[in-house]
>>> print(open('start04.cif').read())   # mmCIF, N, CA and C atoms
data_input
#
loop_
_atom_site.label_atom_id
_atom_site.label_comp_id
_atom_site.auth_asym_id
_atom_site.auth_seq_id
_atom_site.Cartn_x
_atom_site.Cartn_y
_atom_site.Cartn_z
N GLY A 197 -20.22 -7.07 4.20
CA GLY A 197 -19.27 -6.22 4.88
C GLY A 197 -19.87 -5.64 6.15
N VAL A 198 -19.03 -4.94 6.86
CA VAL A 198 -19.44 -4.26 8.09
C VAL A 198 -19.38 -2.76 7.83
N ASN A 199 -20.52 -2.09 7.95
CA ASN A 199 -20.56 -0.65 7.73
C ASN A 199 -19.70 0.06 8.75
N THR A 200 -18.89 1.01 8.25
CA THR A 200 -18.02 1.77 9.13
C THR A 200 -18.33 3.26 9.12
N GLN A 201 -18.87 3.75 7.99
CA GLN A 201 -19.19 5.17 7.89
C GLN A 201 -20.34 5.33 6.91
N ILE A 202 -21.11 6.39 7.10
CA ILE A 202 -22.16 6.75 6.16
C ILE A 202 -22.06 8.25 5.93
N ALA A 203 -22.00 8.64 4.66
CA ALA A 203 -21.92 10.06 4.32
C ALA A 203 -23.30 10.70 4.54
N THR A 204 -23.29 11.89 5.13
CA THR A 204 -24.53 12.62 5.36
C THR A 204 -24.51 13.92 4.58
N GLY A 205 -25.64 14.59 4.60
CA GLY A 205 -25.78 15.85 3.88
C GLY A 205 -25.12 17.03 4.56
N GLY A 206 -24.29 16.80 5.54
CA GLY A 206 -23.58 17.89 6.20
C GLY A 206 -24.20 18.28 7.52
N THR A 207 -25.14 19.19 7.49
CA THR A 207 -25.72 19.71 8.74
C THR A 207 -26.97 18.94 9.11
N GLY A 208 -26.81 17.64 9.22
CA GLY A 208 -27.93 16.80 9.65
C GLY A 208 -28.91 16.50 8.54
N GLY A 209 -28.47 16.60 7.29
CA GLY A 209 -29.35 16.37 6.15
C GLY A 209 -29.68 14.91 5.91
N GLY A 210 -29.14 14.03 6.73
CA GLY A 210 -29.45 12.61 6.57
C GLY A 210 -28.53 11.91 5.59
N ASN A 211 -28.79 10.65 5.40
CA ASN A 211 -27.98 9.81 4.53
C ASN A 211 -28.11 10.25 3.08
N VAL A 212 -26.97 10.40 2.40
CA VAL A 212 -27.00 10.78 0.98
C VAL A 212 -26.79 9.57 0.08
N GLY A 213 -26.81 8.38 0.68
CA GLY A 213 -26.71 7.16 -0.12
C GLY A 213 -25.30 6.65 -0.34
N VAL A 214 -24.34 7.20 0.36
CA VAL A 214 -22.96 6.74 0.22
C VAL A 214 -22.51 6.16 1.55
N GLY A 215 -22.12 4.90 1.52
CA GLY A 215 -21.64 4.24 2.73
C GLY A 215 -20.30 3.59 2.49
N PHE A 216 -19.58 3.32 3.55
CA PHE A 216 -18.27 2.69 3.49
C PHE A 216 -18.28 1.48 4.40
N ALA A 217 -17.69 0.39 3.93
CA ALA A 217 -17.72 -0.84 4.71
C ALA A 217 -16.38 -1.55 4.64
N VAL A 218 -16.10 -2.33 5.67
CA VAL A 218 -14.94 -3.20 5.71
C VAL A 218 -15.40 -4.56 5.19
N PRO A 219 -14.69 -5.17 4.23
CA PRO A 219 -15.11 -6.47 3.72
C PRO A 219 -15.23 -7.50 4.84
N SER A 220 -16.23 -8.36 4.75
CA SER A 220 -16.46 -9.36 5.79
C SER A 220 -15.28 -10.31 5.94
N ASN A 221 -14.57 -10.60 4.85
CA ASN A 221 -13.39 -11.47 4.95
C ASN A 221 -12.30 -10.83 5.79
N ALA A 222 -12.13 -9.51 5.67
CA ALA A 222 -11.13 -8.81 6.48
C ALA A 222 -11.51 -8.87 7.95
N VAL A 223 -12.80 -8.70 8.23
CA VAL A 223 -13.26 -8.77 9.62
C VAL A 223 -13.02 -10.17 10.17
N ARG A 224 -13.35 -11.18 9.39
CA ARG A 224 -13.16 -12.57 9.82
C ARG A 224 -11.69 -12.87 10.10
N ASP A 225 -10.79 -12.28 9.31
CA ASP A 225 -9.36 -12.53 9.49
C ASP A 225 -8.79 -11.86 10.75
N VAL A 226 -9.26 -10.66 11.07
CA VAL A 226 -8.64 -9.92 12.18
C VAL A 226 -9.39 -10.05 13.50
N LEU A 227 -10.66 -10.39 13.46
CA LEU A 227 -11.44 -10.43 14.69
C LEU A 227 -10.86 -11.37 15.76
N PRO A 228 -10.40 -12.58 15.41
CA PRO A 228 -9.84 -13.44 16.46
C PRO A 228 -8.63 -12.81 17.16
N ALA A 229 -7.75 -12.17 16.41
CA ALA A 229 -6.57 -11.53 17.01
C ALA A 229 -6.99 -10.35 17.89
N LEU A 230 -7.94 -9.56 17.42
CA LEU A 230 -8.42 -8.43 18.22
C LEU A 230 -9.08 -8.92 19.50
N SER A 231 -9.81 -10.01 19.43
CA SER A 231 -10.47 -10.58 20.61
C SER A 231 -9.46 -11.02 21.67
N ARG A 232 -8.26 -11.42 21.20
CA ARG A 232 -7.19 -11.82 22.12
C ARG A 232 -6.37 -10.63 22.59
N GLY A 233 -6.76 -9.43 22.17
CA GLY A 233 -6.03 -8.22 22.58
C GLY A 233 -4.77 -7.97 21.77
N GLN A 234 -4.60 -8.67 20.66
CA GLN A 234 -3.42 -8.48 19.82
C GLN A 234 -3.61 -7.29 18.89
N ARG A 235 -2.49 -6.70 18.53
CA ARG A 235 -2.49 -5.58 17.60
C ARG A 235 -2.36 -6.12 16.18
N ILE A 236 -3.10 -5.54 15.25
CA ILE A 236 -3.02 -5.95 13.85
C ILE A 236 -1.90 -5.15 13.19
N GLN A 237 -0.98 -5.84 12.57
CA GLN A 237 0.14 -5.18 11.91
C GLN A 237 0.01 -5.36 10.40
N ARG A 238 0.08 -4.27 9.68
CA ARG A 238 -0.03 -4.27 8.23
C ARG A 238 1.30 -3.82 7.62
N PRO A 239 1.65 -4.34 6.45
CA PRO A 239 2.89 -3.95 5.80
C PRO A 239 2.82 -2.50 5.30
N TYR A 240 3.99 -1.89 5.17
CA TYR A 240 4.05 -0.45 4.87
C TYR A 240 5.26 -0.16 4.00
N LEU A 241 5.01 0.53 2.88
CA LEU A 241 6.09 0.96 2.00
C LEU A 241 6.39 2.44 2.22
N GLY A 242 5.35 3.28 2.28
CA GLY A 242 5.55 4.69 2.56
C GLY A 242 5.62 5.59 1.34
N VAL A 243 4.80 5.29 0.33
CA VAL A 243 4.74 6.15 -0.85
C VAL A 243 3.30 6.50 -1.14
N THR A 244 3.11 7.65 -1.80
CA THR A 244 1.84 8.02 -2.39
C THR A 244 2.07 8.00 -3.89
N THR A 245 1.17 7.32 -4.63
CA THR A 245 1.37 7.18 -6.06
C THR A 245 0.18 7.71 -6.85
N ALA A 246 0.43 7.94 -8.13
CA ALA A 246 -0.61 8.39 -9.05
C ALA A 246 -0.49 7.56 -10.33
N PRO A 247 -1.57 7.50 -11.11
CA PRO A 247 -1.50 6.75 -12.36
C PRO A 247 -0.41 7.30 -13.29
N HIS A 248 0.19 6.40 -14.03
CA HIS A 248 1.21 6.73 -15.03
C HIS A 248 1.07 5.69 -16.14
N PRO A 249 1.30 6.06 -17.40
CA PRO A 249 1.15 5.08 -18.48
C PRO A 249 1.98 3.80 -18.30
N ASP A 250 3.08 3.91 -17.58
CA ASP A 250 3.95 2.74 -17.40
C ASP A 250 3.82 2.06 -16.05
N GLY A 251 2.93 2.53 -15.18
CA GLY A 251 2.79 1.92 -13.85
C GLY A 251 2.16 2.88 -12.86
N ALA A 252 2.85 3.10 -11.74
CA ALA A 252 2.36 4.01 -10.70
C ALA A 252 3.49 4.98 -10.34
N GLU A 253 3.29 6.26 -10.61
CA GLU A 253 4.33 7.25 -10.35
C GLU A 253 4.31 7.69 -8.89
N ILE A 254 5.46 7.68 -8.28
CA ILE A 254 5.58 8.11 -6.89
C ILE A 254 5.43 9.63 -6.83
N GLN A 255 4.44 10.08 -6.07
CA GLN A 255 4.18 11.50 -5.88
C GLN A 255 4.90 12.03 -4.65
N SER A 256 4.93 11.20 -3.58
CA SER A 256 5.63 11.60 -2.36
C SER A 256 6.12 10.36 -1.64
N VAL A 257 7.17 10.58 -0.85
CA VAL A 257 7.76 9.52 -0.03
C VAL A 257 7.73 9.99 1.41
N THR A 258 7.17 9.18 2.29
CA THR A 258 7.06 9.55 3.70
C THR A 258 8.44 9.54 4.36
N PRO A 259 8.80 10.63 5.04
CA PRO A 259 10.09 10.67 5.73
C PRO A 259 10.21 9.52 6.74
N GLY A 260 11.35 8.86 6.73
CA GLY A 260 11.63 7.77 7.65
C GLY A 260 11.02 6.44 7.25
N SER A 261 10.31 6.40 6.14
CA SER A 261 9.63 5.19 5.70
C SER A 261 10.60 4.20 5.05
N PRO A 262 10.19 2.95 4.88
CA PRO A 262 11.03 2.00 4.16
C PRO A 262 11.38 2.48 2.76
N ALA A 263 10.44 3.14 2.09
CA ALA A 263 10.70 3.66 0.74
C ALA A 263 11.81 4.70 0.75
N GLU A 264 11.78 5.60 1.73
CA GLU A 264 12.83 6.63 1.81
C GLU A 264 14.18 5.99 2.08
N LYS A 265 14.21 5.04 3.02
CA LYS A 265 15.46 4.37 3.36
C LYS A 265 16.04 3.60 2.18
N ALA A 266 15.17 3.12 1.28
CA ALA A 266 15.62 2.36 0.11
C ALA A 266 15.98 3.27 -1.07
N GLY A 267 15.71 4.58 -0.94
CA GLY A 267 16.08 5.52 -1.99
C GLY A 267 15.02 5.79 -3.05
N LEU A 268 13.77 5.37 -2.81
CA LEU A 268 12.71 5.70 -3.74
C LEU A 268 12.45 7.19 -3.67
N GLN A 269 12.12 7.79 -4.83
CA GLN A 269 11.97 9.24 -4.89
C GLN A 269 10.76 9.63 -5.72
N PRO A 270 10.18 10.81 -5.44
CA PRO A 270 9.11 11.30 -6.30
C PRO A 270 9.60 11.36 -7.75
N GLY A 271 8.73 10.96 -8.66
CA GLY A 271 9.09 10.91 -10.07
C GLY A 271 9.46 9.51 -10.52
N ASP A 272 9.90 8.65 -9.59
CA ASP A 272 10.13 7.25 -9.94
C ASP A 272 8.79 6.62 -10.30
N VAL A 273 8.80 5.73 -11.27
CA VAL A 273 7.59 5.01 -11.66
C VAL A 273 7.77 3.55 -11.26
N ILE A 274 6.87 3.06 -10.41
CA ILE A 274 6.92 1.67 -9.99
C ILE A 274 6.28 0.84 -11.10
N THR A 275 7.06 -0.11 -11.65
CA THR A 275 6.58 -0.93 -12.76
C THR A 275 6.33 -2.39 -12.36
N ASN A 276 6.94 -2.81 -11.23
CA ASN A 276 6.82 -4.19 -10.80
C ASN A 276 7.14 -4.27 -9.31
N VAL A 277 6.39 -5.09 -8.58
CA VAL A 277 6.68 -5.35 -7.17
C VAL A 277 6.68 -6.86 -6.98
N ASP A 278 7.85 -7.40 -6.69
CA ASP A 278 8.00 -8.82 -6.41
C ASP A 278 7.38 -9.70 -7.50
N GLY A 279 7.62 -9.35 -8.75
CA GLY A 279 7.14 -10.16 -9.85
C GLY A 279 5.74 -9.82 -10.33
N ARG A 280 5.06 -8.89 -9.65
CA ARG A 280 3.71 -8.48 -10.06
C ARG A 280 3.80 -7.20 -10.87
N THR A 281 3.31 -7.25 -12.09
CA THR A 281 3.30 -6.06 -12.94
C THR A 281 2.39 -5.01 -12.35
N ILE A 282 2.88 -3.78 -12.32
CA ILE A 282 2.12 -2.65 -11.77
C ILE A 282 1.60 -1.83 -12.94
N ARG A 283 0.27 -1.71 -13.01
CA ARG A 283 -0.36 -0.92 -14.07
C ARG A 283 -1.07 0.31 -13.51
N ALA A 284 -1.28 0.31 -12.19
CA ALA A 284 -2.02 1.40 -11.54
C ALA A 284 -1.65 1.44 -10.07
N PRO A 285 -1.92 2.56 -9.39
CA PRO A 285 -1.61 2.66 -7.96
C PRO A 285 -2.21 1.53 -7.12
N ASP A 286 -3.42 1.09 -7.45
CA ASP A 286 -4.04 0.00 -6.68
C ASP A 286 -3.23 -1.29 -6.76
N ASP A 287 -2.49 -1.48 -7.85
CA ASP A 287 -1.65 -2.68 -7.98
C ASP A 287 -0.52 -2.68 -6.95
N VAL A 288 0.00 -1.49 -6.64
CA VAL A 288 1.05 -1.39 -5.61
C VAL A 288 0.46 -1.79 -4.27
N VAL A 289 -0.72 -1.26 -3.97
CA VAL A 289 -1.40 -1.58 -2.71
C VAL A 289 -1.62 -3.08 -2.61
N ALA A 290 -2.11 -3.70 -3.68
CA ALA A 290 -2.40 -5.14 -3.66
C ALA A 290 -1.12 -5.95 -3.47
N ALA A 291 -0.04 -5.56 -4.12
CA ALA A 291 1.22 -6.29 -4.00
C ALA A 291 1.79 -6.21 -2.59
N ILE A 292 1.68 -5.05 -1.98
CA ILE A 292 2.21 -4.85 -0.63
C ILE A 292 1.30 -5.50 0.42
N SER A 293 -0.01 -5.39 0.24
CA SER A 293 -0.93 -5.92 1.25
C SER A 293 -0.87 -7.44 1.35
N ALA A 294 -0.34 -8.09 0.34
CA ALA A 294 -0.19 -9.55 0.38
C ALA A 294 1.02 -9.98 1.20
N LYS A 295 1.79 -9.02 1.70
CA LYS A 295 3.02 -9.30 2.45
C LYS A 295 2.81 -9.03 3.93
N LYS A 296 3.89 -9.23 4.69
CA LYS A 296 3.89 -8.96 6.13
C LYS A 296 4.99 -7.97 6.46
N PRO A 297 4.84 -7.20 7.54
CA PRO A 297 5.94 -6.33 7.95
C PRO A 297 7.22 -7.16 8.13
N GLY A 298 8.32 -6.64 7.61
CA GLY A 298 9.59 -7.35 7.68
C GLY A 298 9.92 -8.11 6.41
N ASP A 299 8.90 -8.44 5.60
CA ASP A 299 9.16 -9.09 4.32
C ASP A 299 9.95 -8.13 3.43
N ARG A 300 10.75 -8.69 2.57
CA ARG A 300 11.51 -7.90 1.61
C ARG A 300 10.85 -8.03 0.24
N VAL A 301 10.74 -6.92 -0.47
CA VAL A 301 10.17 -6.94 -1.81
C VAL A 301 11.14 -6.28 -2.79
N ASP A 302 11.18 -6.81 -3.99
CA ASP A 302 11.94 -6.19 -5.07
C ASP A 302 11.01 -5.23 -5.80
N VAL A 303 11.38 -3.95 -5.82
CA VAL A 303 10.58 -2.92 -6.47
C VAL A 303 11.34 -2.46 -7.70
N GLN A 304 10.73 -2.68 -8.88
CA GLN A 304 11.34 -2.22 -10.12
C GLN A 304 10.85 -0.81 -10.40
N LEU A 305 11.80 0.07 -10.72
CA LEU A 305 11.51 1.49 -10.92
C LEU A 305 12.02 1.95 -12.28
N SER A 306 11.37 2.94 -12.83
CA SER A 306 11.82 3.58 -14.05
C SER A 306 11.75 5.09 -13.82
N ASN A 307 12.77 5.81 -14.30
CA ASN A 307 12.79 7.26 -14.18
C ASN A 307 13.67 7.81 -15.28
N ASP A 308 13.09 8.61 -16.16
CA ASP A 308 13.82 9.21 -17.29
C ASP A 308 14.58 8.16 -18.10
N GLY A 309 13.95 7.03 -18.36
CA GLY A 309 14.57 6.00 -19.18
C GLY A 309 15.53 5.10 -18.44
N GLN A 310 15.84 5.43 -17.20
CA GLN A 310 16.73 4.60 -16.39
C GLN A 310 15.88 3.63 -15.57
N GLU A 311 16.25 2.36 -15.60
CA GLU A 311 15.53 1.37 -14.82
C GLU A 311 16.43 0.80 -13.74
N ARG A 312 15.83 0.51 -12.59
CA ARG A 312 16.59 -0.10 -11.50
C ARG A 312 15.64 -0.92 -10.64
N THR A 313 16.21 -1.87 -9.92
CA THR A 313 15.44 -2.68 -8.98
C THR A 313 16.03 -2.45 -7.60
N VAL A 314 15.13 -2.22 -6.64
CA VAL A 314 15.54 -1.93 -5.26
C VAL A 314 14.91 -2.96 -4.34
N ASP A 315 15.72 -3.51 -3.43
CA ASP A 315 15.23 -4.44 -2.41
C ASP A 315 14.78 -3.60 -1.23
N VAL A 316 13.49 -3.71 -0.87
CA VAL A 316 12.92 -2.90 0.20
C VAL A 316 12.37 -3.79 1.31
N PRO A 317 12.89 -3.67 2.53
CA PRO A 317 12.25 -4.38 3.66
C PRO A 317 11.03 -3.56 4.11
N LEU A 318 9.86 -4.20 4.10
CA LEU A 318 8.64 -3.50 4.47
C LEU A 318 8.59 -3.21 5.96
N GLY A 319 8.01 -2.09 6.31
CA GLY A 319 7.82 -1.71 7.69
C GLY A 319 6.42 -2.06 8.16
N THR A 320 6.07 -1.56 9.33
CA THR A 320 4.73 -1.73 9.88
C THR A 320 3.98 -0.42 9.72
N ARG A 321 2.79 -0.49 9.13
CA ARG A 321 2.02 0.73 8.90
C ARG A 321 1.75 1.44 10.22
N PRO A 322 2.05 2.75 10.25
CA PRO A 322 1.80 3.51 11.48
C PRO A 322 0.33 3.56 11.82
#
>>> encode(input="start04.cif", output="structure tokens")
Amino acid sequence: GVNTQIATGGTGGGNVGVGFAVPSNAVRDVLPALSRGQRIQRPYLGVTTAPHPDGAEIQSVTPGSPAEKAGLQPGDVITNVDGRTIRAPDDVVAAISAKKPGDRVDVQLSNDGQERTVDVPLGTRP
């Protein structure tokens, strides 16, 4: 990977042994486009989620986001995205990151025993 940040002890205490890196495959994928001056566009749903026994519970919905426009609400539990079972918040991220802005995804939701599926056109991450 490519190091992007290193945690320090605060007031110049030096490296505390925690670093953050971008995976080398991600760099390899985007570097040619960046070299050509192109902007990298990532898909965007617009929710913050937390673990839930049945999937990923929506904690907040970003105003104006694709999720808000599609009617997703805090308290909804995402159980499936485009055929991928959601067991944790990271599963939502993985399902969305495999798409492109403008792609449509079917998001299965559960809330108080009511289940529904919503077609959401993904936006471009701000």
>>> resolve_selection(input="start04.cif", expression="the PyMOL selection byres ((chain A and resi 320) around 6.5)", output="CSV table (one decimal) with N, CA and C atoms, keeping the file's coordinate frame")
chain,number,residue,atom,x,y,z
A,237,GLN,N,-1.0,-5.8,12.6
A,237,GLN,CA,0.1,-5.2,11.9
A,237,GLN,C,0.0,-5.4,10.4
A,238,ARG,N,0.1,-4.3,9.7
A,238,ARG,CA,0.0,-4.3,8.2
A,238,ARG,C,1.3,-3.8,7.6
A,239,PRO,N,1.6,-4.3,6.4
A,239,PRO,CA,2.9,-4.0,5.8
A,239,PRO,C,2.8,-2.5,5.3
A,240,TYR,N,4.0,-1.9,5.2
A,240,TYR,CA,4.0,-0.4,4.9
A,240,TYR,C,5.3,-0.2,4.0
A,297,PRO,N,4.8,-7.2,7.5
A,297,PRO,CA,5.9,-6.3,8.0
A,297,PRO,C,7.2,-7.2,8.1
A,298,GLY,N,8.3,-6.6,7.6
A,298,GLY,CA,9.6,-7.4,7.7
A,298,GLY,C,9.9,-8.1,6.4
A,318,LEU,N,9.9,-4.2,4.1
A,318,LEU,CA,8.6,-3.5,4.5
A,318,LEU,C,8.6,-3.2,6.0
A,319,GLY,N,8.0,-2.1,6.3
A,319,GLY,CA,7.8,-1.7,7.7
A,319,GLY,C,6.4,-2.1,8.2
A,321,ARG,N,2.8,-0.5,9.1
A,321,ARG,CA,2.0,0.7,8.9
A,321,ARG,C,1.8,1.4,10.2
A,322,PRO,N,2.0,2.8,10.2
A,322,PRO,CA,1.8,3.5,11.5
A,322,PRO,C,0.3,3.6,11.8
>>> select_by_dssp(input="start04.cif", residues="chain A", states="alpha helix (DSSP H)", output="MDAnalysis selection string")
chainID A and resid 220:231 262:266 285:293
>>> resolve_selection(input="start04.cif", expression="the PyMOL selection byres (((chain A and resi 249-257 and name CA) around 9) and name CA)", output="number ranges by chain")
A: 241-248, 258-261, 263-264, 268-276, 281-288, 306
>>> atom_distance(input="start04.cif", atom1="CA of Arg232 (chain A)", atom2="atom C of Phe216 (chain A)")
24.8 Å
>>> select_by_dssp(input="start04.cif", residues="chain A", states="strand (DSSP E)", output="PyMOL selection string")
chain A and resi 198-204+211-218+239-240+243-248+251-257+273-277+280-281+300-307+310-317+319-320
>>> atom_distance(input="start04.cif", atom1="atom C of Ile202 (chain A)", atom2="atom N of Gly215 (chain A)")
5.5 Å
>>> closest_residue(input="start04.cif", among="A:Pro262, A:Val218, A:Ala291, A:Gly233", to="Asn199 (chain A)", atoms="all atoms listed in the file")
A:Val218
>>> atom_distance(input="start04.cif", atom1="CA of Ala266 (chain A)", atom2="CA of Val303 (chain A)")
9.8 Å
